[in-house]
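Student: Below is the file work.pdb, which contains PDB, C-alpha atoms and all ligand atoms.
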ATOM      1  CA  LEU H   1     128.525 117.840 257.716
ATOM      2  CA  ILE H   2     129.186 120.725 260.123
ATOM      3  CA  ARG H   3     128.070 118.511 262.988
ATOM      4  CA  SER H   4     130.475 115.792 261.862
ATOM      5  CA  PHE H   5     133.266 118.360 261.544
ATOM      6  CA  VAL H   6     132.735 119.748 265.068
ATOM      7  CA  ASN H   7     132.500 116.181 266.421
ATOM      8  CA  THR H   8     135.913 115.208 265.058
ATOM      9  CA  LEU H   9     136.918 116.104 268.616
ATOM     10  CA  ASN H  10     135.447 113.615 271.039
ATOM     11  CA  ILE H  11     136.294 115.040 274.444
ATOM     12  CA  GLU H  12     134.694 112.231 276.421
ATOM     13  CA  GLY H  13     136.320 109.535 274.285
ATOM     14  CA  GLY H  14     139.643 111.415 274.291
ATOM     15  CA  THR H  15     140.074 111.266 270.503
ATOM     16  CA  ASP H  16     140.648 113.940 267.871
ATOM     17  CA  ASP H  17     140.400 112.963 264.193
ATOM     18  CA  LEU H  18     142.131 116.224 263.267
ATOM     19  CA  ASP H  19     145.199 115.679 265.424
ATOM     20  CA  THR H  20     147.402 115.059 262.377
ATOM     21  CA  PRO H  21     147.459 116.513 258.828
ATOM     22  CA  ASP H  22     146.653 113.012 257.505
ATOM     23  CA  GLY H  23     143.636 112.846 259.797
ATOM     24  CA  LEU H  24     142.313 116.116 258.372
ATOM     25  CA  SER H  25     143.013 115.002 254.833
ATOM     26  CA  GLU H  26     141.075 111.769 255.452
ATOM     27  CA  TRP H  27     138.156 113.604 257.022
ATOM     28  CA  LEU H  28     137.969 116.033 254.097
ATOM     29  CA  ALA H  29     137.994 113.197 251.568
ATOM     30  CA  ASN H  30     135.775 110.651 253.337
ATOM     31  CA  GLU H  31     133.280 112.821 255.197
ATOM     32  CA  GLY H  32     133.457 116.090 253.312
ATOM     33  CA  GLY H  33     133.793 114.686 249.803
ATOM     34  CA  ILE H  34     136.612 117.222 249.302
ATOM     35  CA  LYS H  35     139.441 115.272 247.730
ATOM     36  CA  GLY H  36     142.998 116.210 246.835
ATOM     37  CA  THR H  37     143.482 119.080 249.286
ATOM     38  CA  HIS H  38     147.104 119.554 250.234
ATOM     39  CA  VAL H  39     147.187 119.480 254.016
ATOM     40  CA  ASP H  40     150.204 120.410 256.135
ATOM     41  CA  GLU H  41     150.484 121.278 259.812
ATOM     42  CA  ALA H  42     149.565 124.954 259.195
ATOM     43  CA  ALA H  43     146.453 123.843 257.305
ATOM     44  CA  ARG H  44     145.551 121.460 260.114
ATOM     45  CA  ARG H  45     145.790 124.279 262.652
ATOM     46  CA  ARG H  46     143.505 126.464 260.492
ATOM     47  CA  ALA H  47     140.938 123.670 260.355
ATOM     48  CA  VAL H  48     141.018 123.256 264.126
ATOM     49  CA  GLU H  49     140.643 127.032 264.517
ATOM     50  CA  LEU H  50     137.525 126.952 262.323
ATOM     51  CA  ARG H  51     136.179 123.941 264.207
ATOM     52  CA  GLU H  52     136.501 125.663 267.580
ATOM     53  CA  ALA H  53     134.946 128.907 266.276
ATOM     54  CA  LEU H  54     131.990 126.830 265.041
ATOM     55  CA  ARG H  55     131.758 125.048 268.403
ATOM     56  CA  ALA H  56     131.591 128.428 270.181
ATOM     57  CA  ILE H  57     128.728 129.500 267.918
ATOM     58  CA  LEU H  58     126.897 126.191 268.496
ATOM     59  CA  LEU H  59     127.268 126.710 272.253
ATOM     60  CA  SER H  60     125.819 130.215 271.857
ATOM     61  CA  HIS H  61     122.803 128.598 270.122
ATOM     62  CA  ASN H  62     122.336 126.837 273.453
ATOM     63  CA  ASP H  63     122.465 130.139 275.381
ATOM     64  CA  GLU H  64     125.956 129.451 276.706
ATOM     65  CA  GLU H  65     128.310 132.348 277.420
ATOM     66  CA  VAL H  66     131.062 132.268 274.798
ATOM     67  CA  ASP H  67     133.278 134.725 272.945
ATOM     68  CA  GLU H  68     130.719 135.156 270.164
ATOM     69  CA  ALA H  69     132.413 138.231 268.688
ATOM     70  CA  GLY H  70     135.701 136.351 268.436
ATOM     71  CA  ALA H  71     133.989 133.385 266.773
ATOM     72  CA  PHE H  72     132.272 135.601 264.186
ATOM     73  CA  GLU H  73     135.538 137.406 263.518
ATOM     74  CA  ALA H  74     137.211 134.049 262.846
ATOM     75  CA  LEU H  75     134.362 132.955 260.563
ATOM     76  CA  ASN H  76     134.554 136.226 258.618
ATOM     77  CA  ASP H  77     138.282 135.737 258.201
ATOM     78  CA  PHE H  78     137.759 132.205 256.833
ATOM     79  CA  ALA H  79     135.061 133.490 254.477
ATOM     80  CA  ARG H  80     137.379 136.239 253.150
ATOM     81  CA  ARG H  81     140.231 133.792 252.581
ATOM     82  CA  ALA H  82     137.920 131.391 250.750
ATOM     83  CA  ARG H  83     137.217 134.143 248.158
ATOM     84  CA  PHE H  84     133.567 133.456 247.400
ATOM     85  CA  ALA H  85     132.331 134.289 243.927
ATOM     86  CA  PRO H  86     128.989 133.657 242.206
ATOM     87  CA  VAL H  87     129.102 130.680 239.859
ATOM     88  CA  PHE H  88     126.388 130.592 237.184
ATOM     89  CA  GLY H  89     124.911 127.348 235.890
ATOM     90  CA  PRO H  90     121.752 126.256 234.068
ATOM     91  CA  GLU H  91     120.011 125.223 237.307
ATOM     92  CA  GLU H  92     121.252 127.709 239.851
ATOM     93  CA  VAL H  93     123.594 130.483 240.812
ATOM     94  CA  ALA H  94     125.748 129.649 243.807
ATOM     95  CA  PHE H  95     128.463 131.397 245.741
ATOM     96  CA  ARG H  96     131.450 129.071 245.742
ATOM     97  CA  PRO H  97     134.914 129.413 247.256
ATOM     98  CA  GLN H  98     137.554 130.110 244.627
ATOM     99  CA  ALA H  99     140.671 129.859 246.785
ATOM    100  CA  PRO H 100     142.898 126.813 246.252
ATOM    101  CA  GLY H 101     144.033 124.464 249.021
ATOM    102  CA  ILE H 102     142.774 124.450 252.566
ATOM    103  CA  ASP H 103     141.200 127.938 252.343
ATOM    104  CA  GLY H 104     138.906 126.755 249.568
ATOM    105  CA  ALA H 105     138.218 123.423 251.296
ATOM    106  CA  LEU H 106     137.214 125.125 254.552
ATOM    107  CA  GLY H 107     135.236 127.635 252.468
ATOM    108  CA  LYS H 108     132.959 124.754 251.437
ATOM    109  CA  LEU H 109     132.088 124.301 255.115
ATOM    110  CA  ILE H 110     131.430 128.043 255.440
ATOM    111  CA  ALA H 111     129.086 127.802 252.437
ATOM    112  CA  ILE H 112     127.071 125.142 254.285
ATOM    113  CA  VAL H 113     126.760 127.452 257.296
ATOM    114  CA  VAL H 114     125.476 130.234 255.013
ATOM    115  CA  ALA H 115     122.920 127.871 253.435
ATOM    116  CA  ALA H 116     121.804 126.628 256.877
ATOM    117  CA  GLU H 117     121.438 130.203 258.056
ATOM    118  CA  SER H 118     119.188 131.081 255.121
ATOM    119  CA  ASP H 119     116.975 127.990 255.417
ATOM    120  CA  GLY H 120     116.497 128.485 259.172
ATOM    121  CA  THR H 121     118.229 125.300 260.355
ATOM    122  CA  TRP H 122     121.450 126.895 261.600
ATOM    123  CA  SER H 123     120.131 127.936 265.030
ATOM    124  CA  ARG H 124     118.997 124.319 265.585
ATOM    125  CA  LEU H 125     122.544 123.051 265.392
ATOM    126  CA  LYS H 126     123.800 123.269 268.967
ATOM    127  CA  ALA H 127     126.629 122.070 271.146
ATOM    128  CA  CYS H 128     125.968 120.260 274.416
ATOM    129  CA  PRO H 129     126.682 122.531 277.411
ATOM    130  CA  ALA H 130     127.695 119.669 279.744
ATOM    131  CA  ASP H 131     131.266 119.814 281.031
ATOM    132  CA  ASN H 132     133.591 117.532 279.101
ATOM    133  CA  CYS H 133     131.095 117.147 276.288
ATOM    134  CA  THR H 134     130.389 120.063 273.845
ATOM    135  CA  TRP H 135     129.182 117.431 271.338
ATOM    136  CA  ALA H 136     127.332 118.953 268.383
ATOM    137  CA  PHE H 137     123.740 117.825 267.781
ATOM    138  CA  TYR H 138     120.703 118.858 265.785
ATOM    139  CA  ASP H 139     117.773 120.041 267.891
ATOM    140  CA  HIS H 140     114.659 118.386 266.434
ATOM    141  CA  ALA H 141     112.334 119.715 269.177
ATOM    142  CA  ARG H 142     109.442 121.710 267.710
ATOM    143  CA  ASN H 143     109.999 124.579 270.145
ATOM    144  CA  ARG H 144     113.813 124.389 269.817
ATOM    145  CA  SER H 145     114.135 123.502 273.491
ATOM    146  CA  GLY H 146     116.713 120.703 273.088
ATOM    147  CA  LYS H 147     119.628 121.299 275.401
ATOM    148  CA  TRP H 148     121.651 118.087 275.712
ATOM    149  CA  CYS H 149     123.424 115.980 273.107
ATOM    150  CA  ASP H 150     121.727 112.920 274.573
ATOM    151  CA  MET H 151     119.209 112.866 277.419
ATOM    152  CA  ALA H 152     120.429 109.389 278.366
ATOM    153  CA  VAL H 153     123.910 110.690 279.081
ATOM    154  CA  CYS H 154     124.315 114.414 279.686
ATOM    155  CA  GLY H 155     120.656 115.222 280.422
ATOM    156  CA  ASN H 156     120.324 112.480 283.045
ATOM    157  CA  ARG H 157     123.599 113.370 284.668
ATOM    158  CA  THR H 158     122.349 116.915 285.168
ATOM    159  CA  LYS H 159     118.869 115.745 286.233
ATOM    160  CA  ALA H 160     120.390 113.374 288.811
ATOM    161  CA  ARG H 161     122.249 116.285 290.363
ATOM    162  CA  ALA H 162     119.024 118.333 290.538
ATOM    163  CA  PHE H 163     117.171 115.336 292.045
ATOM    164  CA  ARG H 164     119.769 114.931 294.800
ATOM    165  CA  GLU H 165     119.250 118.578 295.711
ATOM    166  CA  ARG H 166     115.439 118.235 295.684
ATOM    167  CA  SER H 167     115.384 114.991 297.713
ATOM    168  CA  ARG H 168     116.626 116.805 300.812
ATOM    169  CA  GLN H 169     113.136 118.293 301.123
ATOM    170  CA  PRO H 170     110.492 116.285 303.114
ATOM    171  CA  ARG H 171     108.366 113.918 301.037
ATOM    172  CA  SER H 172     104.576 113.632 301.073
ATOM    173  CA  PRO H 173     103.201 110.324 302.494
ATOM    174  CA  ALA H 174     102.444 107.670 299.900
ATOM    175  CA  ALA H 175      98.787 106.993 299.118
ATOM    176  CA  LYS H 176      97.273 103.973 300.906
ATOM    177  CA  LYS H 177      96.644 100.911 298.871
ATOM    178  CA  SER H 178      92.978  99.935 298.605
ATOM    179  CA  PRO H 179      92.195  96.289 299.457
ATOM    180  CA  PRO H 180      91.751  93.976 296.462
ATOM    181  CA  ASN H 181      88.208  93.117 295.389
ATOM    182  CA  ARG H 182      86.965  89.771 296.692
ATOM    183  CA  PRO H 183      85.861  87.323 294.037
ATOM    184  CA  SER H 184      82.092  86.927 294.136
ATOM    185  CA  PRO H 185      81.019  83.479 295.358
ATOM    186  CA  SER H 186      80.253  81.167 292.510
ATOM    187  CA  GLY H 187      77.844  78.238 292.209
ATOM    188  CA  MET H 188      75.180  79.965 294.323
ATOM    189  CA  GLY H 189      71.506  80.433 293.512
TER     190      GLY H 189
HETATM  191 ZN    ZN H 201     126.543 116.023 276.043
END
Give the structure from the file, written as structure tokens.
Tutor:
Amino acid sequence: LIRSFVNTLNIEGGTDDLDTPDGLSEWLANEGGIKGTHVDEAARRRAVELREALRAILLSHNDEEVDEAGAFEALNDFARRARFAPVFGPEEVAFRPQAPGIDGALGKLIAIVVAAESDGTWSRLKACPADNCTWAFYDHARNRSGKWCDMAVCGNRTKARAFRERSRQPRSPAAKKSPPNRPSPSGMG
């Protein structure tokens, strides 16, 4: 869900699902399963602020230089406004946001980040470092080495640049082809 939230901005496609309060309201209801949140322009701006703080953290998971302190400060502010409290039930005890409106709705996203942090999956959620991309993706690589949102797009673009630089160096001669085997004569003997 966090990946979907960060990817509401599609830089390459030039679209932003959160560019209007209605867009945010639709995303919350359809993607987030958070219905009936009153969304105005101020609420929309808060959501975008959270989205960009999350993107900065996802870029830092990819060893990119970002304002990490600023992003954490923003996240802490959202967590405070969401007013988390333990909620007891027969199956579990969970910290849930108690604030009404957008603060509570965005708090549900913060709760997912907290859960991902404790189950070890948070650092695998990364943002693509390619210019004009910053698309969020989940790094499935066993050694957490995934860098690009999609090797076919951003990875290859970067590899092509590296190849052009390498190809200026002299190449080694190609190996000679060995002659094909002759068919053995048949019908003899
Ligand atoms: Zn990318």
Student: Go through chain H and flag each residue having an atom no more than 8 Å from ligand ZN 201 (chain H); for those, report the closest pair of atoms plus their distance in Å to one decimal, using only C-alpha atoms and all ligand atoms, ordered by chain and rising number, as a tab-separated table.
Tutor:
residue	atom	partner	partner_atom	distance
H:Ala127	CA	H:ZN201	ZN	7.8
H:Cys128	CA	H:ZN201	ZN	4.6
H:Pro129	CA	H:ZN201	ZN	6.7
H:Ala130	CA	H:ZN201	ZN	5.3
H:Asp131	CA	H:ZN201	ZN	7.8
H:Asn132	CA	H:ZN201	ZN	7.8
H:Cys133	CA	H:ZN201	ZN	4.7
H:Thr134	CA	H:ZN201	ZN	6.0
H:Trp135	CA	H:ZN201	ZN	5.6
H:Trp148	CA	H:ZN201	ZN	5.3
H:Cys149	CA	H:ZN201	ZN	4.3
H:Asp150	CA	H:ZN201	ZN	5.9
H:Val153	CA	H:ZN201	ZN	6.7
H:Cys154	CA	H:ZN201	ZN	4.6
H:Gly155	CA	H:ZN201	ZN	7.4
Student: How many Å lie between CA of Gly107 in chain H and CA of Ala79 in chain H, rounded to one decimal?
Tutor: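 Between CA of Gly107 in chain H and CA of Ala79 in chain H the gap works out to 6.2 Å.
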Student: May I ask for the distance between CA of Leu9 in chain H and CA of Leu50 in chain H, given in Å to one decimal place?
Tutor: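 Taking CA of Leu9 in chain H as the start and CA of Leu50 in chain H as the end point, the length is 12.6 Å.
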Student: Pick the closest to His61 in chain H from H:Gly146, H:Pro21, H:Pro90, H:Gly13: which is it, counting all atoms listed in the file?
Tutor: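 That would be H:Gly146, the residue with the smallest distance to His61 in chain H.
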Student: Using all atoms listed in the file, give me every residue within 12 Å of (137.7, 117.9, 253.4) in file coordinates, as a ChimeraX atom specification.
Tutor: /H:1-2,4-5,18,21-39,43-44,47,101-109
Student: Include C-alpha atoms and write out the residues we just selected as a compact mmCIF listing (two decimals), in the coordinates of the input.
Tutor:
# COMPACT_ATOMS: atom_id res chain seq x y z
CA LEU H 1 128.52 117.84 257.72
CA ILE H 2 129.19 120.72 260.12
CA SER H 4 130.48 115.79 261.86
CA PHE H 5 133.27 118.36 261.54
CA LEU H 18 142.13 116.22 263.27
CA PRO H 21 147.46 116.51 258.83
CA ASP H 22 146.65 113.01 257.50
CA GLY H 23 143.64 112.85 259.80
CA LEU H 24 142.31 116.12 258.37
CA SER H 25 143.01 115.00 254.83
CA GLU H 26 141.07 111.77 255.45
CA TRP H 27 138.16 113.60 257.02
CA LEU H 28 137.97 116.03 254.10
CA ALA H 29 137.99 113.20 251.57
CA ASN H 30 135.78 110.65 253.34
CA GLU H 31 133.28 112.82 255.20
CA GLY H 32 133.46 116.09 253.31
CA GLY H 33 133.79 114.69 249.80
CA ILE H 34 136.61 117.22 249.30
CA LYS H 35 139.44 115.27 247.73
CA GLY H 36 143.00 116.21 246.84
CA THR H 37 143.48 119.08 249.29
CA HIS H 38 147.10 119.55 250.23
CA VAL H 39 147.19 119.48 254.02
CA ALA H 43 146.45 123.84 257.30
CA ARG H 44 145.55 121.46 260.11
CA ALA H 47 140.94 123.67 260.36
CA GLY H 101 144.03 124.46 249.02
CA ILE H 102 142.77 124.45 252.57
CA ASP H 103 141.20 127.94 252.34
CA GLY H 104 138.91 126.76 249.57
CA ALA H 105 138.22 123.42 251.30
CA LEU H 106 137.21 125.12 254.55
CA GLY H 107 135.24 127.64 252.47
CA LYS H 108 132.96 124.75 251.44
CA LEU H 109 132.09 124.30 255.12
Student: Work out how far CA of Pro86 in chain H is from CA of Ile110 in chain H, in Å to one decimal.
Tutor: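 Going from CA of Ile110 in chain H over to CA of Pro86 in chain H, I get 14.6 Å.
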Student: Could N, CA and C atoms be built for range 135-164 of chain H and written out as a PDB file, in the coordinates of the input?
Tutor:
ATOM      1  N   TRP H 135     129.517 118.194 272.546  1.00  0.00           N
ATOM      2  CA  TRP H 135     129.182 117.431 271.338  1.00  0.00           C
ATOM      3  C   TRP H 135     128.125 118.184 270.538  1.00  0.00           C
ATOM      4  N   ALA H 136     128.300 118.252 269.223  1.00  0.00           N
ATOM      5  CA  ALA H 136     127.332 118.953 268.383  1.00  0.00           C
ATOM      6  C   ALA H 136     126.151 118.044 268.065  1.00  0.00           C
ATOM      7  N   PHE H 137     124.943 118.598 268.102  1.00  0.00           N
ATOM      8  CA  PHE H 137     123.740 117.825 267.781  1.00  0.00           C
ATOM      9  C   PHE H 137     122.712 118.742 267.143  1.00  0.00           C
ATOM     10  N   TYR H 138     121.770 118.108 266.425  1.00  0.00           N
ATOM     11  CA  TYR H 138     120.703 118.858 265.785  1.00  0.00           C
ATOM     12  C   TYR H 138     119.465 118.796 266.660  1.00  0.00           C
ATOM     13  N   ASP H 139     118.934 119.965 267.013  1.00  0.00           N
ATOM     14  CA  ASP H 139     117.773 120.041 267.891  1.00  0.00           C
ATOM     15  C   ASP H 139     116.493 119.864 267.069  1.00  0.00           C
ATOM     16  N   HIS H 140     115.867 118.679 267.191  1.00  0.00           N
ATOM     17  CA  HIS H 140     114.659 118.386 266.434  1.00  0.00           C
ATOM     18  C   HIS H 140     113.387 118.855 267.151  1.00  0.00           C
ATOM     19  N   ALA H 141     113.517 119.327 268.403  1.00  0.00           N
ATOM     20  CA  ALA H 141     112.334 119.715 269.177  1.00  0.00           C
ATOM     21  C   ALA H 141     111.587 120.846 268.469  1.00  0.00           C
ATOM     22  N   ARG H 142     110.233 120.731 268.448  1.00  0.00           N
ATOM     23  CA  ARG H 142     109.442 121.710 267.710  1.00  0.00           C
ATOM     24  C   ARG H 142     109.678 123.128 268.237  1.00  0.00           C
ATOM     25  N   ASN H 143     109.800 123.247 269.559  1.00  0.00           N
ATOM     26  CA  ASN H 143     109.999 124.579 270.145  1.00  0.00           C
ATOM     27  C   ASN H 143     111.484 124.903 270.376  1.00  0.00           C
ATOM     28  N   ARG H 144     112.362 124.144 269.751  1.00  0.00           N
ATOM     29  CA  ARG H 144     113.813 124.389 269.817  1.00  0.00           C
ATOM     30  C   ARG H 144     114.322 124.396 271.253  1.00  0.00           C
ATOM     31  N   SER H 145     113.786 123.493 272.073  1.00  0.00           N
ATOM     32  CA  SER H 145     114.135 123.502 273.491  1.00  0.00           C
ATOM     33  C   SER H 145     115.223 122.486 273.822  1.00  0.00           C
ATOM     34  N   GLY H 146     115.701 121.726 272.827  1.00  0.00           N
ATOM     35  CA  GLY H 146     116.713 120.703 273.088  1.00  0.00           C
ATOM     36  C   GLY H 146     117.966 121.323 273.676  1.00  0.00           C
ATOM     37  N   LYS H 147     118.471 120.719 274.742  1.00  0.00           N
ATOM     38  CA  LYS H 147     119.628 121.299 275.401  1.00  0.00           C
ATOM     39  C   LYS H 147     120.824 120.353 275.408  1.00  0.00           C
ATOM     40  N   TRP H 148     120.560 119.044 275.530  1.00  0.00           N
ATOM     41  CA  TRP H 148     121.651 118.087 275.712  1.00  0.00           C
ATOM     42  C   TRP H 148     121.870 117.274 274.446  1.00  0.00           C
ATOM     43  N   CYS H 149     123.112 116.810 274.262  1.00  0.00           N
ATOM     44  CA  CYS H 149     123.424 115.980 273.107  1.00  0.00           C
ATOM     45  C   CYS H 149     122.616 114.701 273.168  1.00  0.00           C
ATOM     46  N   ASP H 150     122.389 114.199 274.393  1.00  0.00           N
ATOM     47  CA  ASP H 150     121.727 112.920 274.573  1.00  0.00           C
ATOM     48  C   ASP H 150     121.159 112.909 275.988  1.00  0.00           C
ATOM     49  N   MET H 151     119.825 112.845 276.088  1.00  0.00           N
ATOM     50  CA  MET H 151     119.209 112.866 277.419  1.00  0.00           C
ATOM     51  C   MET H 151     119.712 111.710 278.267  1.00  0.00           C
ATOM     52  N   ALA H 152     120.014 110.576 277.617  1.00  0.00           N
ATOM     53  CA  ALA H 152     120.429 109.389 278.366  1.00  0.00           C
ATOM     54  C   ALA H 152     121.788 109.593 279.028  1.00  0.00           C
ATOM     55  N   VAL H 153     122.580 110.487 278.513  1.00  0.00           N
ATOM     56  CA  VAL H 153     123.910 110.690 279.081  1.00  0.00           C
ATOM     57  C   VAL H 153     123.965 112.038 279.806  1.00  0.00           C
ATOM     58  N   CYS H 154     124.095 113.111 279.054  1.00  0.00           N
ATOM     59  CA  CYS H 154     124.315 114.414 279.686  1.00  0.00           C
ATOM     60  C   CYS H 154     123.072 114.942 280.393  1.00  0.00           C
ATOM     61  N   GLY H 155     121.883 114.731 279.801  1.00  0.00           N
ATOM     62  CA  GLY H 155     120.656 115.222 280.422  1.00  0.00           C
ATOM     63  C   GLY H 155     120.414 114.550 281.754  1.00  0.00           C
ATOM     64  N   ASN H 156     120.581 113.213 281.802  1.00  0.00           N
ATOM     65  CA  ASN H 156     120.324 112.480 283.045  1.00  0.00           C
ATOM     66  C   ASN H 156     121.341 112.798 284.124  1.00  0.00           C
ATOM     67  N   ARG H 157     122.565 113.029 283.705  1.00  0.00           N
ATOM     68  CA  ARG H 157     123.599 113.370 284.668  1.00  0.00           C
ATOM     69  C   ARG H 157     123.213 114.663 285.377  1.00  0.00           C
ATOM     70  N   THR H 158     122.729 115.633 284.597  1.00  0.00           N
ATOM     71  CA  THR H 158     122.349 116.915 285.168  1.00  0.00           C
ATOM     72  C   THR H 158     121.077 116.784 285.987  1.00  0.00           C
ATOM     73  N   LYS H 159     120.121 115.940 285.494  1.00  0.00           N
ATOM     74  CA  LYS H 159     118.869 115.745 286.233  1.00  0.00           C
ATOM     75  C   LYS H 159     119.138 115.049 287.566  1.00  0.00           C
ATOM     76  N   ALA H 160     120.070 114.101 287.577  1.00  0.00           N
ATOM     77  CA  ALA H 160     120.390 113.374 288.811  1.00  0.00           C
ATOM     78  C   ALA H 160     120.916 114.331 289.871  1.00  0.00           C
ATOM     79  N   ARG H 161     121.712 115.301 289.431  1.00  0.00           N
ATOM     80  CA  ARG H 161     122.249 116.285 290.363  1.00  0.00           C
ATOM     81  C   ARG H 161     121.096 117.111 290.946  1.00  0.00           C
ATOM     82  N   ALA H 162     120.167 117.540 290.086  1.00  0.00           N
ATOM     83  CA  ALA H 162     119.024 118.333 290.538  1.00  0.00           C
ATOM     84  C   ALA H 162     118.150 117.510 291.493  1.00  0.00           C
ATOM     85  N   PHE H 163     118.000 116.202 291.205  1.00  0.00           N
ATOM     86  CA  PHE H 163     117.171 115.336 292.045  1.00  0.00           C
ATOM     87  C   PHE H 163     117.780 115.203 293.438  1.00  0.00           C
ATOM     88  N   ARG H 164     119.107 115.055 293.495  1.00  0.00           N
ATOM     89  CA  ARG H 164     119.769 114.931 294.800  1.00  0.00           C
ATOM     90  C   ARG H 164     119.514 116.179 295.636  1.00  0.00           C
TER      91      ARG H 164
END
